[in-house]
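For reference, protein-v2.cif (mmCIF, N, CA and C atoms):
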data_run
#
loop_
_atom_site.label_atom_id
_atom_site.label_comp_id
_atom_site.auth_asym_id
_atom_site.auth_seq_id
_atom_site.Cartn_x
_atom_site.Cartn_y
_atom_site.Cartn_z
N MET A 206 119.66 7.37 12.11
CA MET A 206 119.67 6.51 13.28
C MET A 206 121.07 6.58 13.89
N ASN A 207 121.11 6.54 15.19
CA ASN A 207 122.39 6.58 15.89
C ASN A 207 122.82 5.19 16.33
N CYS A 208 124.12 5.02 16.42
CA CYS A 208 124.72 3.76 16.84
C CYS A 208 124.33 3.44 18.29
N ALA A 209 123.95 2.19 18.52
CA ALA A 209 123.59 1.77 19.87
C ALA A 209 124.80 1.72 20.79
N ASN A 210 126.02 1.59 20.24
CA ASN A 210 127.23 1.50 21.06
C ASN A 210 127.80 2.85 21.45
N CYS A 211 127.92 3.77 20.46
CA CYS A 211 128.61 5.03 20.75
C CYS A 211 127.77 6.27 20.48
N GLY A 212 126.61 6.12 19.86
CA GLY A 212 125.75 7.26 19.58
C GLY A 212 126.06 7.97 18.28
N GLY A 213 127.07 7.53 17.54
CA GLY A 213 127.42 8.14 16.26
C GLY A 213 126.36 7.86 15.21
N GLY A 214 126.32 8.68 14.18
CA GLY A 214 125.35 8.50 13.11
C GLY A 214 125.72 7.34 12.21
N LEU A 215 124.79 6.42 12.01
CA LEU A 215 125.02 5.28 11.13
C LEU A 215 124.92 5.70 9.68
N ARG A 216 125.70 5.08 8.82
CA ARG A 216 125.72 5.38 7.39
C ARG A 216 125.50 4.09 6.60
N PRO A 217 124.76 4.16 5.47
CA PRO A 217 124.58 2.96 4.64
C PRO A 217 125.94 2.47 4.12
N VAL A 218 126.04 1.18 3.90
CA VAL A 218 127.27 0.57 3.42
C VAL A 218 127.11 0.28 1.93
N GLY A 219 127.89 0.97 1.11
CA GLY A 219 127.89 0.74 -0.33
C GLY A 219 126.49 0.71 -0.91
N ASN A 220 126.22 -0.25 -1.75
CA ASN A 220 124.89 -0.41 -2.33
C ASN A 220 124.10 -1.47 -1.58
N ARG A 221 124.35 -1.56 -0.30
CA ARG A 221 123.70 -2.55 0.56
C ARG A 221 122.68 -1.86 1.47
N ASN A 222 121.75 -2.62 1.97
CA ASN A 222 120.75 -2.05 2.87
C ASN A 222 121.06 -2.37 4.33
N TYR A 223 122.31 -2.14 4.71
CA TYR A 223 122.65 -2.18 6.12
C TYR A 223 123.57 -1.01 6.41
N PHE A 224 123.80 -0.75 7.68
CA PHE A 224 124.47 0.47 8.10
C PHE A 224 125.71 0.16 8.93
N ARG A 225 126.65 1.10 8.96
CA ARG A 225 127.88 0.98 9.74
C ARG A 225 128.15 2.30 10.43
N CYS A 226 128.64 2.20 11.66
CA CYS A 226 129.04 3.38 12.41
C CYS A 226 130.48 3.72 12.01
N PRO A 227 130.74 4.94 11.53
CA PRO A 227 132.10 5.29 11.12
C PRO A 227 133.05 5.50 12.31
N TYR A 228 132.52 5.53 13.52
CA TYR A 228 133.34 5.79 14.70
C TYR A 228 133.80 4.51 15.38
N CYS A 229 132.84 3.61 15.66
CA CYS A 229 133.21 2.39 16.40
C CYS A 229 133.11 1.12 15.55
N GLU A 230 132.77 1.28 14.24
CA GLU A 230 132.72 0.17 13.28
C GLU A 230 131.58 -0.82 13.52
N THR A 231 130.59 -0.47 14.33
CA THR A 231 129.45 -1.34 14.59
C THR A 231 128.54 -1.38 13.36
N PHE A 232 127.99 -2.56 13.07
CA PHE A 232 127.06 -2.72 11.96
C PHE A 232 125.64 -2.84 12.49
N HIS A 233 124.67 -2.37 11.70
CA HIS A 233 123.25 -2.49 12.03
C HIS A 233 122.56 -3.07 10.80
N PHE A 234 121.87 -4.20 10.98
CA PHE A 234 121.19 -4.88 9.89
C PHE A 234 119.68 -4.78 10.10
N PRO A 235 119.06 -3.72 9.56
CA PRO A 235 117.62 -3.55 9.76
C PRO A 235 116.82 -4.51 8.89
N GLN A 236 115.60 -4.76 9.31
CA GLN A 236 114.72 -5.60 8.51
C GLN A 236 114.21 -4.77 7.33
N GLU A 237 114.17 -5.38 6.15
CA GLU A 237 113.70 -4.68 4.97
C GLU A 237 112.20 -4.81 4.84
N THR A 238 111.59 -3.77 4.27
CA THR A 238 110.18 -3.82 3.94
C THR A 238 110.03 -4.62 2.66
N GLY A 239 108.85 -4.94 2.29
CA GLY A 239 108.61 -5.64 1.02
C GLY A 239 108.94 -4.79 -0.19
N ASP A 240 109.14 -3.49 0.04
CA ASP A 240 109.46 -2.57 -1.05
C ASP A 240 110.96 -2.38 -1.24
N GLY A 241 111.79 -3.10 -0.49
CA GLY A 241 113.23 -2.96 -0.62
C GLY A 241 113.81 -1.79 0.16
N VAL A 242 113.07 -1.30 1.13
CA VAL A 242 113.53 -0.20 1.97
C VAL A 242 114.03 -0.79 3.29
N ALA A 243 115.26 -0.44 3.66
CA ALA A 243 115.82 -0.87 4.95
C ALA A 243 115.60 0.27 5.93
N VAL A 244 114.70 0.06 6.88
CA VAL A 244 114.35 1.11 7.84
C VAL A 244 115.31 1.04 9.02
N ALA A 245 116.09 2.11 9.17
CA ALA A 245 117.04 2.17 10.29
C ALA A 245 116.34 2.68 11.55
N GLY A 246 115.29 3.45 11.38
CA GLY A 246 114.57 4.02 12.51
C GLY A 246 115.15 5.37 12.90
N GLY A 247 114.63 5.93 13.93
CA GLY A 247 115.05 7.26 14.35
C GLY A 247 114.41 8.31 13.47
N ASP A 248 113.84 9.31 14.09
CA ASP A 248 113.14 10.34 13.34
C ASP A 248 114.08 11.12 12.43
N ALA A 249 113.65 11.30 11.19
CA ALA A 249 114.37 12.13 10.22
C ALA A 249 113.97 13.59 10.49
N ALA A 250 114.53 14.48 9.73
CA ALA A 250 114.33 15.91 9.97
C ALA A 250 112.94 16.40 9.58
N PHE A 251 112.22 15.67 8.75
CA PHE A 251 110.96 16.17 8.21
C PHE A 251 109.81 15.21 8.49
N SER A 252 108.60 15.75 8.35
CA SER A 252 107.40 14.93 8.38
C SER A 252 107.00 14.62 6.95
N CYS A 253 106.21 13.59 6.78
CA CYS A 253 105.75 13.19 5.45
C CYS A 253 104.88 14.29 4.86
N PRO A 254 105.16 14.72 3.64
CA PRO A 254 104.35 15.76 3.03
C PRO A 254 102.95 15.30 2.63
N VAL A 255 102.69 14.00 2.64
CA VAL A 255 101.37 13.49 2.28
C VAL A 255 100.52 13.25 3.52
N CYS A 256 101.04 12.50 4.49
CA CYS A 256 100.21 12.14 5.65
C CYS A 256 100.62 12.84 6.94
N ALA A 257 101.69 13.62 6.90
CA ALA A 257 102.16 14.43 8.03
C ALA A 257 102.75 13.62 9.18
N ASP A 258 102.89 12.31 9.03
CA ASP A 258 103.55 11.51 10.07
C ASP A 258 105.06 11.72 9.99
N PRO A 259 105.76 11.49 11.10
CA PRO A 259 107.22 11.67 11.07
C PRO A 259 107.89 10.68 10.12
N LEU A 260 108.86 11.17 9.37
CA LEU A 260 109.68 10.30 8.52
C LEU A 260 110.79 9.70 9.37
N VAL A 261 111.26 8.52 8.98
CA VAL A 261 112.36 7.88 9.69
C VAL A 261 113.52 7.65 8.74
N HIS A 262 114.71 7.50 9.30
CA HIS A 262 115.91 7.23 8.50
C HIS A 262 115.81 5.83 7.90
N ALA A 263 116.19 5.73 6.63
CA ALA A 263 116.13 4.45 5.92
C ALA A 263 117.15 4.48 4.78
N ALA A 264 117.25 3.36 4.09
CA ALA A 264 118.13 3.28 2.92
C ALA A 264 117.45 2.43 1.86
N ILE A 265 117.68 2.81 0.61
CA ILE A 265 117.26 2.01 -0.53
C ILE A 265 118.51 1.77 -1.36
N ASP A 266 118.86 0.51 -1.53
CA ASP A 266 120.07 0.14 -2.27
C ASP A 266 121.29 0.90 -1.76
N GLY A 267 121.38 1.07 -0.46
CA GLY A 267 122.54 1.72 0.15
C GLY A 267 122.55 3.23 0.08
N HIS A 268 121.46 3.83 -0.33
CA HIS A 268 121.38 5.29 -0.41
C HIS A 268 120.39 5.80 0.63
N GLU A 269 120.80 6.83 1.36
CA GLU A 269 119.97 7.37 2.44
C GLU A 269 118.72 8.04 1.91
N VAL A 270 117.60 7.69 2.53
CA VAL A 270 116.31 8.32 2.25
C VAL A 270 115.60 8.51 3.58
N SER A 271 114.53 9.28 3.55
CA SER A 271 113.63 9.38 4.69
C SER A 271 112.36 8.65 4.28
N TYR A 272 111.84 7.80 5.17
CA TYR A 272 110.76 6.88 4.81
C TYR A 272 109.55 7.10 5.70
N CYS A 273 108.36 6.99 5.12
CA CYS A 273 107.12 7.10 5.89
C CYS A 273 106.56 5.70 6.13
N ARG A 274 106.48 5.31 7.38
CA ARG A 274 105.94 3.99 7.73
C ARG A 274 104.44 3.90 7.46
N THR A 275 103.76 5.04 7.41
CA THR A 275 102.32 5.05 7.24
C THR A 275 101.92 4.87 5.77
N CYS A 276 102.38 5.77 4.89
CA CYS A 276 101.97 5.71 3.49
C CYS A 276 103.01 5.01 2.61
N ARG A 277 104.17 4.64 3.19
CA ARG A 277 105.25 3.91 2.52
C ARG A 277 105.92 4.71 1.41
N GLY A 278 105.78 6.02 1.43
CA GLY A 278 106.50 6.88 0.50
C GLY A 278 107.88 7.18 1.05
N PHE A 279 108.74 7.73 0.22
CA PHE A 279 110.06 8.12 0.71
C PHE A 279 110.45 9.47 0.14
N LEU A 280 111.31 10.15 0.85
CA LEU A 280 111.82 11.45 0.44
C LEU A 280 113.32 11.32 0.23
N ALA A 281 113.77 11.77 -0.93
CA ALA A 281 115.19 11.68 -1.28
C ALA A 281 115.56 12.88 -2.12
N THR A 282 116.85 13.15 -2.21
CA THR A 282 117.28 14.18 -3.16
C THR A 282 117.06 13.64 -4.56
N ASN A 283 116.97 14.53 -5.52
CA ASN A 283 116.82 14.10 -6.90
C ASN A 283 118.00 13.23 -7.33
N ALA A 284 119.20 13.58 -6.87
CA ALA A 284 120.40 12.80 -7.22
C ALA A 284 120.30 11.38 -6.66
N THR A 285 119.87 11.24 -5.42
CA THR A 285 119.72 9.91 -4.81
C THR A 285 118.67 9.11 -5.55
N PHE A 286 117.54 9.73 -5.86
CA PHE A 286 116.49 9.05 -6.60
C PHE A 286 117.03 8.53 -7.93
N GLY A 287 117.79 9.35 -8.64
CA GLY A 287 118.37 8.94 -9.91
C GLY A 287 119.31 7.76 -9.77
N ARG A 288 120.13 7.75 -8.71
CA ARG A 288 121.06 6.62 -8.49
C ARG A 288 120.29 5.34 -8.18
N VAL A 289 119.25 5.44 -7.36
CA VAL A 289 118.46 4.26 -7.02
C VAL A 289 117.78 3.71 -8.27
N VAL A 290 117.24 4.58 -9.10
CA VAL A 290 116.60 4.13 -10.34
C VAL A 290 117.63 3.43 -11.24
N GLN A 291 118.83 4.00 -11.35
CA GLN A 291 119.88 3.38 -12.16
C GLN A 291 120.21 1.98 -11.66
N LEU A 292 120.38 1.83 -10.36
CA LEU A 292 120.69 0.52 -9.78
C LEU A 292 119.57 -0.47 -10.02
N ARG A 293 118.34 -0.03 -9.83
CA ARG A 293 117.20 -0.91 -10.02
C ARG A 293 117.07 -1.34 -11.49
N ARG A 294 117.27 -0.41 -12.40
CA ARG A 294 117.19 -0.74 -13.82
C ARG A 294 118.28 -1.74 -14.22
N ALA A 295 119.47 -1.58 -13.66
CA ALA A 295 120.58 -2.48 -13.99
C ALA A 295 120.28 -3.91 -13.55
N ARG A 296 119.54 -4.08 -12.47
CA ARG A 296 119.22 -5.42 -11.95
C ARG A 296 117.98 -6.02 -12.59
N GLN A 297 117.21 -5.22 -13.29
CA GLN A 297 115.95 -5.67 -13.88
C GLN A 297 116.22 -6.69 -14.97
N THR A 298 115.66 -7.88 -14.85
CA THR A 298 115.86 -8.92 -15.87
C THR A 298 114.63 -9.15 -16.74
N THR A 299 113.48 -8.71 -16.27
CA THR A 299 112.25 -8.85 -17.04
C THR A 299 111.59 -7.47 -17.16
N PRO A 300 110.76 -7.30 -18.16
CA PRO A 300 110.08 -6.01 -18.29
C PRO A 300 109.20 -5.75 -17.06
N PRO A 301 109.14 -4.48 -16.64
CA PRO A 301 108.30 -4.17 -15.48
C PRO A 301 106.83 -4.37 -15.79
N VAL A 302 106.09 -4.76 -14.77
CA VAL A 302 104.64 -4.92 -14.90
C VAL A 302 103.99 -3.60 -14.52
N PRO A 303 103.32 -2.96 -15.48
CA PRO A 303 102.70 -1.67 -15.16
C PRO A 303 101.62 -1.81 -14.09
N VAL A 304 101.64 -0.89 -13.16
CA VAL A 304 100.64 -0.83 -12.11
C VAL A 304 99.87 0.47 -12.33
N PRO A 305 98.57 0.40 -12.61
CA PRO A 305 97.85 1.63 -12.89
C PRO A 305 97.73 2.51 -11.65
N PHE A 306 97.66 3.81 -11.88
CA PHE A 306 97.41 4.75 -10.79
C PHE A 306 96.25 5.64 -11.22
N SER A 307 95.62 6.24 -10.26
CA SER A 307 94.50 7.11 -10.53
C SER A 307 94.99 8.45 -11.05
N PRO A 308 94.43 8.95 -12.14
CA PRO A 308 94.80 10.28 -12.64
C PRO A 308 94.57 11.37 -11.59
N GLU A 309 93.72 11.10 -10.62
CA GLU A 309 93.49 12.06 -9.54
C GLU A 309 94.77 12.34 -8.75
N GLU A 310 95.68 11.36 -8.72
CA GLU A 310 96.94 11.54 -7.99
C GLU A 310 97.77 12.67 -8.58
N LEU A 311 97.62 12.93 -9.88
CA LEU A 311 98.37 14.01 -10.52
C LEU A 311 97.85 15.39 -10.11
N LYS A 312 96.66 15.42 -9.55
CA LYS A 312 96.07 16.70 -9.11
C LYS A 312 96.43 17.03 -7.66
N ARG A 313 97.06 16.12 -6.98
CA ARG A 313 97.38 16.37 -5.57
C ARG A 313 98.37 17.52 -5.43
N ARG A 314 98.29 18.19 -4.33
CA ARG A 314 99.19 19.30 -4.04
C ARG A 314 99.93 18.97 -2.76
N VAL A 315 101.21 18.68 -2.91
CA VAL A 315 102.06 18.30 -1.79
C VAL A 315 103.05 19.42 -1.53
N THR A 316 103.24 19.76 -0.28
CA THR A 316 104.17 20.82 0.08
C THR A 316 105.54 20.22 0.36
N CYS A 317 106.58 20.79 -0.21
CA CYS A 317 107.95 20.32 0.02
C CYS A 317 108.30 20.53 1.50
N PRO A 318 108.76 19.50 2.16
CA PRO A 318 109.10 19.66 3.58
C PRO A 318 110.35 20.51 3.79
N ARG A 319 111.16 20.70 2.76
CA ARG A 319 112.38 21.50 2.91
C ARG A 319 112.13 22.99 2.71
N CYS A 320 111.47 23.36 1.60
CA CYS A 320 111.28 24.78 1.32
C CYS A 320 109.86 25.27 1.60
N GLU A 321 108.96 24.32 1.89
CA GLU A 321 107.56 24.61 2.23
C GLU A 321 106.78 25.27 1.10
N LYS A 322 107.16 24.98 -0.14
CA LYS A 322 106.42 25.45 -1.31
C LYS A 322 105.87 24.22 -2.03
N PRO A 323 104.89 24.41 -2.92
CA PRO A 323 104.30 23.24 -3.60
C PRO A 323 105.32 22.47 -4.42
N MET A 324 105.20 21.14 -4.36
CA MET A 324 106.00 20.26 -5.20
C MET A 324 105.21 20.01 -6.48
N ASP A 325 105.90 19.60 -7.54
CA ASP A 325 105.27 19.27 -8.81
C ASP A 325 105.02 17.77 -8.88
N ALA A 326 103.79 17.37 -9.21
CA ALA A 326 103.44 15.95 -9.35
C ALA A 326 103.67 15.52 -10.80
N HIS A 327 104.30 14.35 -10.98
CA HIS A 327 104.62 13.83 -12.32
C HIS A 327 104.30 12.35 -12.37
N PRO A 328 103.80 11.86 -13.52
CA PRO A 328 103.71 10.41 -13.67
C PRO A 328 105.12 9.87 -13.91
N TYR A 329 105.39 8.72 -13.36
CA TYR A 329 106.70 8.08 -13.55
C TYR A 329 106.42 6.67 -14.01
N HIS A 330 106.75 6.36 -15.26
CA HIS A 330 106.35 5.10 -15.87
C HIS A 330 107.43 4.04 -15.89
N ALA A 331 108.57 4.27 -15.31
CA ALA A 331 109.64 3.27 -15.32
C ALA A 331 109.49 2.35 -14.13
N GLY A 332 109.51 1.07 -14.37
CA GLY A 332 109.42 0.11 -13.26
C GLY A 332 108.03 0.02 -12.67
N GLY A 333 107.02 0.34 -13.45
CA GLY A 333 105.65 0.37 -12.95
C GLY A 333 105.20 1.82 -12.90
N ASN A 334 103.93 2.03 -12.95
CA ASN A 334 103.42 3.39 -12.93
C ASN A 334 103.36 3.91 -11.51
N ALA A 335 103.82 5.12 -11.31
CA ALA A 335 103.79 5.75 -10.00
C ALA A 335 103.72 7.25 -10.22
N VAL A 336 103.36 7.95 -9.17
CA VAL A 336 103.38 9.40 -9.21
C VAL A 336 104.47 9.85 -8.25
N ILE A 337 105.35 10.72 -8.74
CA ILE A 337 106.38 11.28 -7.88
C ILE A 337 106.17 12.78 -7.78
N ASP A 338 106.59 13.33 -6.67
CA ASP A 338 106.52 14.77 -6.44
C ASP A 338 107.95 15.27 -6.38
N THR A 339 108.24 16.34 -7.12
CA THR A 339 109.59 16.87 -7.13
C THR A 339 109.59 18.35 -6.77
N CYS A 340 110.72 18.79 -6.23
CA CYS A 340 110.93 20.20 -5.93
C CYS A 340 112.36 20.56 -6.33
N HIS A 341 112.51 21.49 -7.23
CA HIS A 341 113.83 21.90 -7.66
C HIS A 341 114.37 23.04 -6.80
N ARG A 342 113.52 23.62 -5.94
CA ARG A 342 113.95 24.75 -5.11
C ARG A 342 114.59 24.34 -3.80
N ALA A 343 114.33 23.13 -3.32
CA ALA A 343 114.71 22.75 -1.96
C ALA A 343 116.21 22.84 -1.72
N THR A 344 117.00 22.31 -2.61
CA THR A 344 118.46 22.35 -2.52
C THR A 344 118.99 22.38 -3.93
N SER A 345 120.27 22.40 -4.08
CA SER A 345 120.83 22.40 -5.43
C SER A 345 120.46 21.12 -6.17
N SER A 346 120.22 20.03 -5.45
CA SER A 346 119.85 18.79 -6.12
C SER A 346 118.37 18.50 -6.02
N GLY A 347 117.61 19.34 -5.34
CA GLY A 347 116.18 19.17 -5.23
C GLY A 347 115.79 18.00 -4.33
N SER A 348 114.51 17.71 -4.30
CA SER A 348 114.05 16.56 -3.51
C SER A 348 112.93 15.88 -4.28
N THR A 349 112.81 14.59 -4.05
CA THR A 349 111.81 13.77 -4.71
C THR A 349 111.07 12.99 -3.66
N ARG A 350 109.76 12.93 -3.78
CA ARG A 350 108.97 12.12 -2.89
C ARG A 350 108.25 11.10 -3.76
N ALA A 351 108.49 9.84 -3.50
CA ALA A 351 107.87 8.79 -4.30
C ALA A 351 107.00 7.93 -3.40
N ASN A 352 105.97 7.39 -3.99
CA ASN A 352 105.06 6.54 -3.24
C ASN A 352 104.64 5.38 -4.11
#

Would you mind giving the structure from this file in C-alpha cells?
Amino acid sequence: MNCANCGGGLRPVGNRNYFRCPYCETFHFPQETGDGVAVAGGDAAFSCPVCADPLVHAAIDGHEVSYCRTCRGFLATNATFGRVVQLRRARQTTPPVPVPFSPEELKRRVTCPRCEKPMDAHPYHAGGNAVIDTCHRATSSGSTRAN
C-alpha cells in the first residue's frame, strides 16, 4: 500500500499491525480482521493460488504478507511464516484448541504464484489444525500459503 500523503510504500512498524511511511513519517492504522491480519490494501504482486482473486498488502504481527480477502489465506516467505509462528507461540497462554480439517485438503494442488510450479500441501498442527502449502523453489526462503 502506498502512503496517502506522498505515495511512498508503507512498511509495518515493529511487531505491530500498523504501517509507517519511511519518507514522510505518516502512519496508517488499518482495521484488523478477526484473524489478526491488518489489511493495508492495495494489490500485491500475485493472485491467490487457491481462488485466483487478487492478493492485497497486509501484515501479521508486523510482518508483511499478501492476504486474500475472499478465502482469508495469506502468502508469506517461509522466514516470515516462521517469525509469525514464533511470536504467536510466545504469546500463547493456553493450549491451542484443535480445529479439524478435511483430509481432502491434503490432496489439493496449488500452484506457487512466484515460480508457477506445484506447492506441497502439509498438515500444520501448531495452534490448531490447518493445511499449509509450501514452495522451496520460489526464492531462497521459499513461500508459504496458509489458510

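Residue nearest A:Thr339 within the list A:Cys256, A:Cys317, A:Val218, A:Val289: A:Cys317 [criterion: smallest interatomic distance, all atoms listed in the file].
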
| request: Return the single residue from A:Val304, A:Leu292, A:Asp266, A:Cys253 that is closest to A:Leu280, with distances computed using only C-alpha atoms. | output: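 Using only C-alpha atoms, the shortest distance to A:Leu280 belongs to A:Cys253.
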
| task | Name all residues at most 8 Å from A:Cys211 (count all atoms listed in the file; drop same-chain ones fewer than 5 positions away) and give them as a VMD selection string. | result | chain A and resid 228 to 229 231

| Can you tell me how far atom CA of A:Asp338 sits from atom N of A:Asp248, in Å to one decimal? |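 Here the two named atoms are 22.5 Å from each other.
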
| task | Quick one: apply the PyMOL selection byres (((chain A and resi 246 and name CA) around 9) and name CA) to the file and drop the selected residues here as a PyMOL selection string. | result | chain A and resi 206-207+235+244-245+247-249+260-263

| query | Which of these, A:Gly239, A:Gly267, A:Pro305, A:Pro254, has the shortest distance to A:Gly219 once you count all atoms listed in the file? | reply | A:Gly267

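Proximity ranking of A:Phe251, A:Phe234, A:Tyr272, A:Tyr223 relative to A:Pro318 places A:Phe251 first, based on only N, CA and C atoms.
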
| Could you write out, as a VMD selection string, all the residues of chain A that DSSP marks as strand (DSSP E or B)? | chain A and resid 207 214 216 to 217 224 to 225 232 to 233 237 242 to 252 259 to 265 268 to 272 279 to 282 316 323 325 to 329 335 to 340 348 to 351

| task | Tell me, in Å to one decimal, how far atom CA of A:Val336 is from atom CA of A:Glu321. | result |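 So the answer is 19.5 Å.
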
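Considering only stretch 244-330 of chain A, backbone DSSP assigns alpha helix (DSSP H) to A:Asn283, A:Ala284, A:Thr285, A:Phe286, A:Gly287, A:Arg288, A:Val289, A:Val290, A:Gln291, A:Leu292, A:Arg293, A:Arg294, A:Ala295, A:Arg296.
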
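The nearest approach to A:Cys320 among the residues A:Ala250, A:Ala284, A:Cys340, A:Cys226, with only C-alpha atoms taken into account, belongs to A:Cys340.
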
| field | Between atom C of A:Gly287 and atom N of A:Tyr329 - distance in Å to one decimal | value | 14.4 Å

| query | From the set A:Pro308, A:Ala295, A:His341, A:Ala257, which residue has the shortest atom-to-atom contact distance to A:Pro328, counting only C-alpha atoms? | reply |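 Result for the nearest residue to A:Pro328: A:Pro308.
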
Is there a way to complete stretch 223-231 of chain A with all heavy atoms and then write that out as a CSV table (one decimal), in the frame of the given file?
chain,number,residue,atom,x,y,z
A,223,TYR,N,122.3,-2.1,4.7
A,223,TYR,CA,122.6,-2.2,6.1
A,223,TYR,C,123.6,-1.0,6.4
A,223,TYR,O,124.0,-0.3,5.5
A,223,TYR,CB,123.3,-3.5,6.5
A,223,TYR,CG,124.5,-4.0,5.8
A,223,TYR,CD1,125.8,-3.6,6.3
A,223,TYR,CD2,124.4,-4.8,4.7
A,223,TYR,CE1,126.9,-4.0,5.7
A,223,TYR,CE2,125.6,-5.2,4.1
A,223,TYR,CZ,126.8,-4.8,4.5
A,223,TYR,OH,128.0,-5.2,3.9
A,224,PHE,N,123.8,-0.8,7.7
A,224,PHE,CA,124.5,0.5,8.1
A,224,PHE,C,125.7,0.2,8.9
A,224,PHE,O,125.8,-0.9,9.6
A,224,PHE,CB,123.5,1.3,8.9
A,224,PHE,CG,122.3,1.7,8.2
A,224,PHE,CD1,121.2,0.9,8.1
A,224,PHE,CD2,122.2,3.0,7.6
A,224,PHE,CE1,120.1,1.2,7.4
A,224,PHE,CE2,121.0,3.3,6.9
A,224,PHE,CZ,120.0,2.5,6.8
A,225,ARG,N,126.6,1.1,9.0
A,225,ARG,CA,127.9,1.0,9.7
A,225,ARG,C,128.2,2.3,10.4
A,225,ARG,O,127.9,3.4,9.9
A,225,ARG,CB,129.0,0.6,8.8
A,225,ARG,CG,130.4,0.5,9.6
A,225,ARG,CD,131.5,0.0,8.6
A,225,ARG,NE,132.5,0.8,8.1
A,225,ARG,CZ,132.9,2.0,8.5
A,225,ARG,NH1,132.4,2.7,9.4
A,225,ARG,NH2,134.0,2.6,7.9
A,226,CYS,N,128.6,2.2,11.7
A,226,CYS,CA,129.0,3.4,12.4
A,226,CYS,C,130.5,3.7,12.0
A,226,CYS,O,131.4,2.9,12.2
A,226,CYS,CB,128.9,3.1,13.9
A,226,CYS,SG,129.5,4.5,14.9
A,227,PRO,N,130.7,4.9,11.5
A,227,PRO,CA,132.1,5.3,11.1
A,227,PRO,C,133.0,5.5,12.3
A,227,PRO,O,134.2,5.6,12.1
A,227,PRO,CB,131.9,6.6,10.3
A,227,PRO,CG,130.6,7.2,10.9
A,227,PRO,CD,129.8,6.0,11.3
A,228,TYR,N,132.5,5.5,13.5
A,228,TYR,CA,133.3,5.8,14.7
A,228,TYR,C,133.8,4.5,15.4
A,228,TYR,O,135.0,4.3,15.7
A,228,TYR,CB,132.6,6.7,15.7
A,228,TYR,CG,132.2,8.0,15.0
A,228,TYR,CD1,130.9,8.2,14.6
A,228,TYR,CD2,133.1,9.0,14.8
A,228,TYR,CE1,130.5,9.3,14.0
A,228,TYR,CE2,132.7,10.2,14.2
A,228,TYR,CZ,131.4,10.3,13.8
A,228,TYR,OH,131.0,11.5,13.2
A,229,CYS,N,132.8,3.6,15.7
A,229,CYS,CA,133.2,2.4,16.4
A,229,CYS,C,133.1,1.1,15.6
A,229,CYS,O,133.3,0.0,16.0
A,229,CYS,CB,132.4,2.3,17.7
A,229,CYS,SG,130.6,1.8,17.4
A,230,GLU,N,132.8,1.3,14.2
A,230,GLU,CA,132.7,0.2,13.3
A,230,GLU,C,131.6,-0.8,13.5
A,230,GLU,O,131.6,-1.9,13.0
A,230,GLU,CB,134.1,-0.6,13.2
A,230,GLU,CG,135.3,0.3,13.0
A,230,GLU,CD,135.3,0.8,11.5
A,230,GLU,OE1,135.0,0.0,10.6
A,230,GLU,OE2,135.7,1.9,11.3
A,231,THR,N,130.6,-0.5,14.3
A,231,THR,CA,129.4,-1.3,14.6
A,231,THR,C,128.5,-1.4,13.4
A,231,THR,O,128.3,-0.4,12.7
A,231,THR,CB,128.6,-0.8,15.8
A,231,THR,OG1,129.5,-0.9,16.9
A,231,THR,CG2,127.4,-1.7,16.1
